[in-house]
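Just coords.txt here, compact mmCIF, C-alpha atoms:
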```
# COMPACT_ATOMS: atom_id res chain seq x y z
CA MET G 1 27.09 -17.04 -7.02
CA ILE G 2 26.88 -15.10 -10.28
CA ALA G 3 24.14 -17.43 -11.53
CA GLY G 4 22.24 -16.96 -8.28
CA LYS G 5 22.51 -13.17 -8.59
CA VAL G 6 21.26 -13.28 -12.19
CA ALA G 7 18.34 -15.49 -11.19
CA ALA G 8 17.48 -13.19 -8.30
CA ASP G 9 17.66 -10.12 -10.56
CA GLU G 10 15.34 -11.79 -13.09
CA SER G 11 12.91 -12.70 -10.31
CA ASN G 12 12.97 -9.15 -8.96
CA HIS G 13 12.40 -7.80 -12.48
CA ILE G 14 9.33 -10.05 -12.90
CA ASP G 15 7.97 -8.98 -9.51
CA VAL G 16 8.42 -5.30 -10.37
CA MET G 17 6.69 -5.73 -13.74
CA LEU G 18 3.78 -7.53 -12.07
CA VAL G 19 3.39 -4.75 -9.50
CA ARG G 20 3.50 -2.09 -12.22
CA SER G 21 0.99 -3.83 -14.49
CA SER G 22 -1.41 -4.56 -11.62
CA GLY G 23 -1.14 -0.97 -10.42
CA PHE G 24 -1.88 0.55 -13.82
CA LEU G 25 -4.77 -1.86 -14.42
CA SER G 26 -6.33 -1.03 -11.05
CA PHE G 27 -5.96 2.68 -11.87
CA LEU G 28 -8.13 2.12 -14.93
CA SER G 29 -10.61 -0.34 -13.44
CA ALA G 30 -11.26 0.99 -9.93
CA PRO G 31 -13.45 3.95 -11.02
CA VAL G 32 -15.36 1.64 -13.39
CA ILE G 33 -16.08 -0.94 -10.70
CA GLY G 34 -16.97 1.81 -8.25
CA ALA G 35 -19.40 3.39 -10.73
CA LEU G 36 -21.00 0.01 -11.48
CA SER G 37 -21.39 -0.73 -7.78
CA ASP G 38 -23.24 2.58 -7.39
CA VAL G 39 -25.89 1.23 -9.77
CA TRP G 40 -25.96 -2.55 -9.41
CA GLY G 41 -25.09 -2.86 -5.70
CA ARG G 42 -21.99 -3.60 -3.66
CA LYS G 43 -22.26 -7.30 -2.89
CA ARG G 44 -21.77 -8.72 -6.37
CA PHE G 45 -18.73 -6.51 -6.96
CA LEU G 46 -17.33 -7.25 -3.51
CA LEU G 47 -17.64 -10.94 -4.34
CA MET G 48 -15.95 -10.41 -7.70
CA THR G 49 -13.03 -8.40 -6.30
CA VAL G 50 -12.43 -10.84 -3.45
CA PHE G 51 -12.53 -13.77 -5.89
CA PHE G 52 -9.96 -12.27 -8.25
CA THR G 53 -7.76 -11.22 -5.33
CA CYS G 54 -7.68 -14.81 -4.06
CA ALA G 55 -7.72 -16.65 -7.40
CA PRO G 56 -3.93 -16.68 -8.02
CA ILE G 57 -3.10 -18.31 -4.65
CA PRO G 58 -3.51 -22.04 -5.49
CA PHE G 59 -1.59 -21.59 -8.73
CA MET G 60 1.57 -20.85 -6.75
CA ARG G 61 1.95 -24.65 -6.57
CA ILE G 62 -0.14 -25.75 -9.53
CA SER G 63 1.51 -23.65 -12.22
CA PRO G 64 3.88 -20.72 -11.57
CA ARG G 65 3.29 -19.47 -15.12
CA TRP G 66 -0.46 -19.28 -14.57
CA TYR G 67 0.15 -17.72 -11.17
CA PHE G 68 2.11 -14.82 -12.65
CA ALA G 69 -0.46 -14.43 -15.43
CA LEU G 70 -3.35 -14.30 -12.95
CA ILE G 71 -1.50 -11.86 -10.70
CA ALA G 72 -1.10 -9.51 -13.65
CA VAL G 73 -4.71 -9.85 -14.81
CA SER G 74 -6.18 -9.71 -11.30
CA GLY G 75 -5.12 -6.07 -11.09
CA VAL G 76 -8.23 -5.29 -13.17
CA PHE G 77 -10.60 -6.68 -10.55
CA ALA G 78 -8.63 -6.84 -7.29
CA VAL G 79 -9.73 -3.39 -6.11
CA THR G 80 -11.46 -4.56 -2.97
CA PHE G 81 -10.84 -1.41 -0.93
CA SER G 82 -12.97 0.86 -3.11
CA VAL G 83 -16.00 -1.46 -2.84
CA ILE G 84 -15.48 -2.05 0.89
CA PHE G 85 -15.24 1.65 1.69
CA ALA G 86 -18.34 2.36 -0.42
CA TYR G 87 -20.09 -0.47 1.47
CA VAL G 88 -19.09 1.11 4.78
CA ALA G 89 -20.43 4.47 3.59
CA ASP G 90 -23.79 2.81 2.83
CA ILE G 91 -24.26 1.36 6.31
CA THR G 92 -22.80 4.09 8.54
CA ASP G 93 -23.65 7.69 9.26
CA GLU G 94 -21.18 10.57 9.17
CA ARG G 95 -20.21 10.25 12.84
CA GLN G 96 -19.45 6.53 12.64
CA ARG G 97 -17.82 6.44 9.22
CA SER G 98 -14.28 7.52 10.09
CA THR G 99 -14.11 5.00 12.93
CA ALA G 100 -15.40 2.27 10.61
CA TYR G 101 -12.78 3.15 7.98
CA GLY G 102 -10.13 2.99 10.70
CA LEU G 103 -11.32 -0.51 11.69
CA VAL G 104 -11.13 -1.68 8.07
CA SER G 105 -7.58 -0.34 7.68
CA ALA G 106 -6.58 -1.74 11.08
CA THR G 107 -7.86 -5.18 10.07
CA PHE G 108 -5.71 -5.01 6.97
CA ALA G 109 -2.70 -3.95 9.08
CA ALA G 110 -3.34 -6.85 11.46
CA SER G 111 -3.26 -9.30 8.57
CA LEU G 112 0.05 -7.83 7.41
CA VAL G 113 1.50 -8.37 10.88
CA THR G 114 0.28 -11.90 11.50
CA SER G 115 0.23 -13.59 8.10
CA PRO G 116 3.96 -13.30 7.22
CA ALA G 117 4.99 -14.63 10.63
CA ILE G 118 2.50 -17.53 10.45
CA GLY G 119 3.48 -18.29 6.86
CA ALA G 120 7.19 -18.26 7.63
CA TYR G 121 6.72 -20.56 10.62
CA LEU G 122 4.58 -23.07 8.71
CA SER G 123 6.90 -22.98 5.70
CA ALA G 124 10.00 -23.66 7.82
CA ARG G 125 8.31 -26.47 9.73
CA TYR G 126 6.06 -28.14 7.15
CA GLY G 127 6.99 -26.75 3.74
CA ASP G 128 5.54 -24.29 1.25
CA SER G 129 2.81 -26.63 0.03
CA LEU G 130 0.99 -26.51 3.36
CA VAL G 131 1.17 -22.71 3.40
CA VAL G 132 -0.41 -22.50 -0.05
CA LEU G 133 -3.06 -25.07 0.94
CA ILE G 134 -4.06 -23.15 4.09
CA ALA G 135 -4.12 -19.87 2.17
CA THR G 136 -6.36 -21.47 -0.46
CA VAL G 137 -8.77 -22.83 2.16
CA ILE G 138 -8.97 -19.41 3.85
CA SER G 139 -9.61 -17.79 0.46
CA VAL G 140 -12.45 -20.20 -0.32
CA ALA G 141 -13.92 -19.54 3.14
CA ASP G 142 -13.66 -15.79 2.52
CA ILE G 143 -15.48 -16.03 -0.81
CA ALA G 144 -18.17 -18.27 0.75
CA PHE G 145 -18.62 -15.82 3.63
CA VAL G 146 -19.17 -12.90 1.25
CA PHE G 147 -21.62 -14.96 -0.84
CA LEU G 148 -23.64 -16.40 2.03
CA ALA G 149 -23.39 -13.99 4.95
CA VAL G 150 -22.75 -10.46 3.64
CA PRO G 151 -26.00 -8.61 2.85
CA GLU G 152 -26.43 -6.06 0.10
CA SER G 153 -25.77 -2.56 1.47
CA LEU G 154 -27.12 -0.38 -1.34
CA PRO G 155 -30.82 0.39 -0.76
CA ASP G 156 -33.25 -1.13 -3.27
CA LYS G 157 -34.49 2.31 -4.26
CA MET G 158 -31.01 3.19 -5.52
CA ARG G 159 -30.71 0.10 -7.73
CA PRO G 160 -32.47 -0.76 -11.00
CA ALA G 161 -35.21 -3.36 -10.83
CA THR G 162 -33.67 -5.40 -13.64
CA TRP G 163 -30.29 -5.88 -15.27
CA GLY G 164 -31.75 -4.32 -18.40
CA PHE G 165 -31.65 -0.86 -16.86
CA PRO G 166 -29.38 1.29 -19.06
CA LEU G 167 -25.99 2.38 -17.73
CA SER G 168 -24.23 4.99 -19.82
CA TRP G 169 -20.56 4.62 -20.65
CA GLU G 170 -20.11 8.18 -19.43
CA GLN G 171 -20.91 6.94 -15.92
CA ALA G 172 -18.49 3.98 -16.01
CA ASP G 173 -15.67 5.36 -18.16
CA PRO G 174 -12.63 5.88 -15.88
CA PHE G 175 -11.40 8.80 -17.96
CA ALA G 176 -14.81 10.43 -17.76
CA SER G 177 -14.62 9.97 -14.00
CA LEU G 178 -11.24 11.68 -13.99
CA ARG G 179 -12.64 14.51 -16.10
CA ARG G 180 -15.40 14.94 -13.54
CA VAL G 181 -12.71 15.17 -10.87
CA GLY G 182 -11.18 18.08 -12.75
CA LYS G 183 -14.50 19.92 -12.46
CA ASP G 184 -14.90 19.21 -8.75
CA SER G 185 -12.24 21.20 -6.94
CA THR G 186 -12.60 19.41 -3.61
CA VAL G 187 -12.33 15.85 -4.91
CA MET G 188 -9.57 16.88 -7.33
CA LEU G 189 -7.50 18.30 -4.48
CA ILE G 190 -8.07 15.14 -2.45
CA CYS G 191 -6.90 12.96 -5.36
CA VAL G 192 -3.80 15.11 -5.93
CA ALA G 193 -2.96 14.94 -2.21
CA VAL G 194 -3.40 11.15 -2.27
CA PHE G 195 -1.10 10.85 -5.29
CA LEU G 196 1.64 12.99 -3.74
CA SER G 197 1.48 11.22 -0.38
CA TYR G 198 1.03 7.62 -1.55
CA LEU G 199 3.68 7.74 -4.31
CA PRO G 200 6.56 7.72 -1.77
CA GLU G 201 4.71 5.21 0.39
CA ALA G 202 4.37 2.78 -2.53
CA GLY G 203 8.03 3.19 -3.39
CA GLN G 204 8.97 2.69 0.24
CA TYR G 205 7.13 -0.64 0.41
CA SER G 206 9.17 -2.00 -2.50
CA SER G 207 12.63 -1.25 -1.12
CA PHE G 208 12.56 -0.32 2.54
CA PHE G 209 13.28 -3.71 4.08
CA LEU G 210 16.20 -4.33 1.73
CA TYR G 211 17.39 -0.85 2.69
CA LEU G 212 17.19 -1.74 6.40
CA ARG G 213 19.16 -4.93 5.87
CA GLN G 214 21.87 -3.72 3.51
CA VAL G 215 22.38 -0.07 4.50
CA ILE G 216 21.30 0.11 8.16
CA ASP G 217 22.53 -3.45 8.99
CA PHE G 218 19.25 -4.83 10.32
CA SER G 219 19.22 -8.58 10.84
CA PRO G 220 16.27 -10.65 9.51
CA ALA G 221 15.00 -11.03 13.07
CA ALA G 222 15.20 -7.26 13.62
CA ILE G 223 13.28 -6.63 10.39
CA ALA G 224 10.54 -9.05 11.49
CA ALA G 225 10.35 -7.30 14.88
CA PHE G 226 10.24 -3.91 13.13
CA ILE G 227 7.31 -5.01 10.95
CA ALA G 228 5.47 -6.35 14.00
CA MET G 229 6.02 -3.15 15.98
CA VAL G 230 4.85 -0.85 13.19
CA GLY G 231 1.87 -3.08 12.48
CA ILE G 232 0.73 -3.24 16.10
CA LEU G 233 1.14 0.50 16.61
CA SER G 234 -0.74 1.13 13.34
CA ILE G 235 -3.65 -0.97 14.59
CA ILE G 236 -3.75 1.06 17.81
CA ALA G 237 -3.55 4.35 15.89
CA GLN G 238 -6.34 3.42 13.48
CA THR G 239 -8.71 1.96 16.06
CA LEU G 240 -8.24 4.12 19.17
CA LEU G 241 -6.51 7.32 18.11
CA LEU G 242 -8.25 7.93 14.78
CA GLY G 243 -11.75 8.15 16.24
CA VAL G 244 -10.63 10.61 18.91
CA LEU G 245 -8.84 12.79 16.36
CA MET G 246 -11.77 12.81 13.95
CA ARG G 247 -14.16 13.87 16.69
CA THR G 248 -11.90 16.58 18.08
CA LEU G 249 -10.10 17.89 14.97
CA GLY G 250 -12.40 16.93 12.10
CA ASN G 251 -11.65 15.19 8.80
CA LYS G 252 -9.36 17.75 7.18
CA LYS G 253 -7.16 18.47 10.20
CA THR G 254 -6.76 14.73 10.84
CA VAL G 255 -5.55 14.30 7.26
CA LEU G 256 -3.09 17.15 7.73
CA LEU G 257 -1.84 15.61 10.98
CA GLY G 258 -1.35 12.23 9.31
CA LEU G 259 0.60 13.85 6.47
CA THR G 260 2.76 15.67 9.01
CA PHE G 261 3.63 12.37 10.66
CA GLN G 262 4.46 10.92 7.23
CA LEU G 263 6.74 13.88 6.49
CA LEU G 264 8.63 13.38 9.77
CA GLN G 265 8.89 9.65 9.14
CA LEU G 266 10.33 10.03 5.63
CA ALA G 267 12.77 12.76 6.70
CA TRP G 268 14.00 10.50 9.52
CA TYR G 269 14.39 7.60 7.09
CA ALA G 270 16.34 9.87 4.72
CA PHE G 271 18.84 11.25 7.24
CA GLY G 272 18.93 8.43 9.78
CA SER G 273 21.99 6.21 9.69
CA GLU G 274 21.66 4.26 12.94
CA PRO G 275 19.26 1.43 13.81
CA TRP G 276 17.69 3.31 16.73
CA MET G 277 16.73 6.10 14.35
CA MET G 278 14.84 3.63 12.18
CA TRP G 279 13.00 2.28 15.22
CA ALA G 280 11.98 5.79 16.24
CA ALA G 281 10.93 6.64 12.68
CA GLY G 282 8.89 3.43 12.57
CA THR G 283 6.88 4.67 15.54
CA VAL G 284 6.12 7.87 13.64
CA ALA G 285 5.26 5.78 10.55
CA ALA G 286 2.61 3.96 12.57
CA MET G 287 1.06 7.29 13.48
CA SER G 288 0.98 8.30 9.80
CA SER G 289 -1.21 5.26 9.05
CA ILE G 290 -4.24 7.35 10.05
CA THR G 291 -3.95 9.29 6.77
CA PHE G 292 -5.64 6.84 4.39
CA PRO G 293 -8.80 6.14 6.45
CA ALA G 294 -9.06 9.86 7.20
CA VAL G 295 -8.79 10.67 3.48
CA SER G 296 -11.43 8.04 2.66
CA ALA G 297 -13.75 9.56 5.27
CA LEU G 298 -13.10 13.05 3.88
CA VAL G 299 -13.89 12.12 0.27
CA SER G 300 -16.92 10.12 1.40
CA HIS G 301 -18.12 13.15 3.34
CA SER G 302 -17.76 15.27 0.17
CA ALA G 303 -19.74 12.99 -2.18
CA ALA G 304 -23.42 12.18 -2.49
CA PRO G 305 -24.61 8.74 -1.31
CA ASP G 306 -25.14 7.53 -4.89
CA ARG G 307 -21.53 8.43 -5.83
CA GLN G 308 -19.65 6.68 -3.02
CA GLY G 309 -18.41 3.91 -5.32
CA VAL G 310 -17.09 6.35 -7.91
CA VAL G 311 -15.15 8.54 -5.49
CA GLN G 312 -13.75 5.61 -3.51
CA GLY G 313 -12.80 3.99 -6.83
CA MET G 314 -10.92 7.14 -7.79
CA ILE G 315 -8.92 7.06 -4.57
CA THR G 316 -8.18 3.35 -5.02
CA GLY G 317 -7.23 3.97 -8.66
CA ILE G 318 -4.81 6.73 -7.69
CA ARG G 319 -3.22 4.38 -5.16
CA GLY G 320 -2.96 1.71 -7.85
CA LEU G 321 -1.20 4.16 -10.15
CA CYS G 322 1.24 4.95 -7.34
CA ASN G 323 1.87 1.23 -6.85
CA GLY G 324 2.98 1.12 -10.47
CA LEU G 325 5.11 4.28 -10.42
CA GLY G 326 6.50 4.35 -6.87
CA PRO G 327 8.82 1.30 -6.97
CA ALA G 328 10.28 2.37 -10.33
CA LEU G 329 10.86 5.91 -9.06
CA TYR G 330 12.57 4.77 -5.87
CA GLY G 331 14.72 2.29 -7.79
CA PHE G 332 15.78 5.03 -10.22
CA ILE G 333 16.75 7.40 -7.40
CA PHE G 334 18.75 4.68 -5.63
CA PHE G 335 20.50 4.04 -8.98
CA LEU G 336 21.33 7.73 -9.41
CA PHE G 337 23.02 7.75 -5.99
CA ASN G 338 24.85 4.44 -6.60
CA VAL G 339 22.94 2.50 -3.96
CA GLU G 340 22.27 -1.04 -5.15
CA LEU G 341 19.61 -3.00 -3.28
CA SER G 342 19.35 -6.66 -4.18
CA ASP G 343 18.11 -9.84 -2.53
CA VAL G 344 21.48 -11.39 -3.39
CA GLN G 345 24.52 -9.26 -2.73
CA THR G 346 28.18 -10.24 -2.71
CA ALA G 347 30.46 -9.61 0.23
CA GLU G 348 32.44 -7.17 -1.91
CA GLY G 349 29.26 -5.20 -2.62
CA ARG G 350 28.40 -5.01 1.05
CA ASP G 351 31.89 -3.88 1.97
CA ALA G 352 31.83 -1.22 -0.76
CA GLN G 353 28.60 0.24 0.60
CA HIS G 354 30.05 0.50 4.11
CA ILE G 355 33.26 2.22 3.07
CA LYS G 356 31.57 5.57 2.71
CA LYS G 357 28.21 6.62 4.11
CA SER G 358 26.53 9.60 2.55
CA SER G 359 25.16 12.47 4.60
CA VAL G 360 21.79 11.46 3.13
CA PRO G 361 21.78 7.64 3.38
CA GLY G 362 18.28 7.35 1.87
CA PRO G 363 17.89 9.81 -1.05
CA PRO G 364 14.51 8.41 -2.22
CA PHE G 365 13.03 9.01 1.22
CA LEU G 366 14.14 12.65 1.01
CA PHE G 367 12.35 12.91 -2.32
CA GLY G 368 9.30 11.33 -0.69
CA ALA G 369 9.42 13.91 2.11
CA CYS G 370 9.40 16.70 -0.50
CA ALA G 371 6.38 15.10 -2.18
CA VAL G 372 4.55 14.96 1.15
CA VAL G 373 5.31 18.67 1.69
CA LEU G 374 3.48 19.32 -1.59
CA ALA G 375 0.65 17.03 -0.42
CA LEU G 376 0.35 19.08 2.76
CA ILE G 377 0.13 22.30 0.75
CA VAL G 378 -2.56 20.82 -1.50
CA ALA G 379 -4.51 19.37 1.43
CA ALA G 380 -4.51 22.76 3.15
CA PHE G 381 -6.72 24.08 0.33
CA ILE G 382 -9.30 21.28 0.62
CA GLU G 383 -12.68 22.68 1.57
CA GLU G 384 -14.71 20.74 4.12
CA ARG G 385 -18.34 20.55 3.08
CA ALA G 386 -21.59 19.79 4.78
CA PRO G 387 -22.68 16.17 4.18
CA ALA G 388 -24.31 15.59 0.81
CA ALA G 389 -27.67 14.06 1.61
CA ALA G 390 -29.43 13.85 -1.74
CA ILE G 391 -29.97 10.27 -2.83
CA ARG G 392 -30.76 9.42 -6.42
CA THR G 393 -33.17 6.55 -6.84
CA CYS G 394 -33.42 4.41 -9.92
CA SER G 395 -37.14 5.08 -10.14
CA ASP G 396 -36.27 8.75 -10.36
CA CYS G 397 -34.11 8.03 -13.40
CA ARG G 398 -36.90 6.47 -15.49
CA PRO G 399 -38.75 8.89 -17.79
CA GLY G 400 -42.42 9.11 -17.01
CA SER G 401 -42.02 7.93 -13.43
CA ALA G 402 -43.38 9.77 -10.45
CA GLY G 403 -39.92 10.94 -9.55
CA LEU G 404 -39.05 12.53 -12.93
CA PRO G 405 -41.16 14.17 -15.62
CA ALA G 406 -41.34 12.51 -19.01
CA ALA G 407 -39.51 15.35 -20.72
CA GLY G 408 -37.43 18.33 -19.85
CA PRO G 409 -34.71 18.77 -17.23
CA PRO G 410 -35.60 19.03 -13.56
CA ALA G 411 -35.95 22.52 -12.27
CA THR G 412 -32.96 24.11 -10.54
CA PRO G 413 -33.30 27.12 -8.28
CA PRO G 414 -32.10 30.27 -10.06
CA GLY G 415 -28.57 31.26 -9.28
CA HIS G 416 -27.60 27.83 -7.89
CA ALA G 417 -27.05 25.71 -11.00
CA ASP G 418 -23.38 26.61 -11.33
CA ASP G 419 -22.72 26.37 -7.59
CA ILE G 420 -23.26 22.61 -7.41
CA GLU G 421 -20.04 20.65 -7.79
CA PRO G 422 -20.16 17.99 -10.58
CA LEU G 423 -19.70 15.02 -8.24
CA LEU G 424 -22.44 16.32 -5.97
CA ARG G 425 -24.98 16.74 -8.73
CA ASP G 426 -27.85 14.30 -9.05
CA SER G 427 -26.35 11.72 -11.41
CA GLY G 428 -29.74 11.23 -13.00
CA VAL G 429 -29.66 14.76 -14.40
```
Represent the structure of the file as structure tokens.
Amino acid sequence: MIAGKVAADESNHIDVMLVRSSGFLSFLSAPVIGALSDVWGRKRFLLMTVFFTCAPIPFMRISPRWYFALIAVSGVFAVTFSVIFAYVADITDERQRSTAYGLVSATFAASLVTSPAIGAYLSARYGDSLVVLIATVISVADIAFVFLAVPESLPDKMRPATWGFPLSWEQADPFASLRRVGKDSTVMLICVAVFLSYLPEAGQYSSFFLYLRQVIDFSPAAIAAFIAMVGILSIIAQTLLLGVLMRTLGNKKTVLLGLTFQLLQLAWYAFGSEPWMMWAAGTVAAMSSITFPAVSALVSHSAAPDRQGVVQGMITGIRGLCNGLGPALYGFIFFLFNVELSDVQTAEGRDAQHIKKSSVPGPPFLFGACAVVLALIVAAFIEERAPAAAIRTCSDCRPGSAGLPAAGPPATPPGHADDIEPLLRDSGV
């Protein structure tokens, strides 16, 4: 039993390190990939991110060592969401965009609901090898679909004619992108709100189901049913409810509503000590799933068409950073309050946890609720802008072309040069 606990602890430690490294790498790479996709087009980077997301799967059976290595490295490239949301921004107008973002997020939620149940069933009946084989075949089909059937979304006039077209490091440097955020008050506030709201969500993903099983006494079947319920309700919220809210309330108020639902959910998780409370909080959690697509629509609405990749990459990078920090933060808070969550727990440990229940059974969730309160305050100061319609074309960027004089900066109307936010400026200037 002791050996099993040690092995489980080592496995959990490896998993945590992989999540942290992948999160930090995606924080650095997502703005770079987004900036590159703004110049070279979405399809090639969508293909690359999908490939590196799927690449580790067959190595689960071929070589576990290579699997863990690829999982860690894939964090650099597996930032599919930023490219997908930029792709959606290319092919939709302002009225359709929030609904399209909701459909993308709902599709992801649907996969989270169905794939674990299908994988568990196939593994129990036929073994793990078949699960890995089917996952590999689906991954190859996904890559082939992107390569053969997905068209390029970025208009030709916004892309260079050849690969020799110069791309400055200032445009692709993730730290330069972050510095530009500091000069753009709207996008900076959005990024801060995303960090404060997604940090507790990332920590919650790493520990919540162990918390349900060991502290709230959920059975494995009840946990599976809980995941299914939250997933199905999230799909409904992101497909049906989100579009209605965006049309009636607007981008900013929908974000504030989603954050309010998240605050209620985390507070209920923190103070709830009975299973029915967790089920009720799970319903509220499904409603809070509208926050991320609403935030993506808001930041897309605030950026020019030729900067969609950069701003979506920033949001994805912030979420990646939270994926690295959130689990460690939640684990530290559980440690401070003497709550040990482990995949392998002795009977004595379980009995010790049930001897005395704290008035706040879930301290990390209370911390998360406080972070979301700060996110709500920050989001309240976000300014909704009129859509940015200026599109930079690559022909406009070439000196001597019809779109740009051979020398000298383009003229700016007097009194307006300092009023244009950095991320809304023509990037060719």
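Considering all atoms listed in the file, the residue among G:Val73, G:Met246, G:Val372, G:Ala380 positioned nearest to Glu94 (chain G) is G:Met246.
What separates CA of Leu240 (chain G) from CA of Phe108 (chain G) is a distance of 15.4 Å.
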For region 318-320 of chain G, find every residue with an atom within 6 Å (counting only C-alpha atoms), except residues of its own chain fewer than 2 positions away, and show them as a compact mmCIF listing (two decimals) with C-alpha atoms, in the frame of the given file.
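Ended up saving to part-v2.txt:
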```txt
# COMPACT_ATOMS: atom_id res chain seq x y z
CA GLY G 23 -1.14 -0.97 -10.42
CA SER G 26 -6.33 -1.03 -11.05
CA PHE G 27 -5.96 2.68 -11.87
CA ILE G 315 -8.92 7.06 -4.57
CA THR G 316 -8.18 3.35 -5.02
CA CYS G 322 1.24 4.95 -7.34
CA ASN G 323 1.87 1.23 -6.85
```
Quiz prompt | Close residues, Met314 (chain G) itself excluded, 6 Å, all atoms listed in the file, min 3 positions apart in chain, as an MDAnalysis selection string | solution = chainID G and resid 31 311 317
Quiz prompt | Neighbour residues at most 12 Å from (15.1, -4.6, 7.1) (only C-alpha atoms) as a ChimeraX atom specification | solution = /G:204-228,275,278-279,282,341,343
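Rounded to one decimal, CA of Val132 (chain G) and CA of Thr49 (chain G) lie 19.9 Å from each other.
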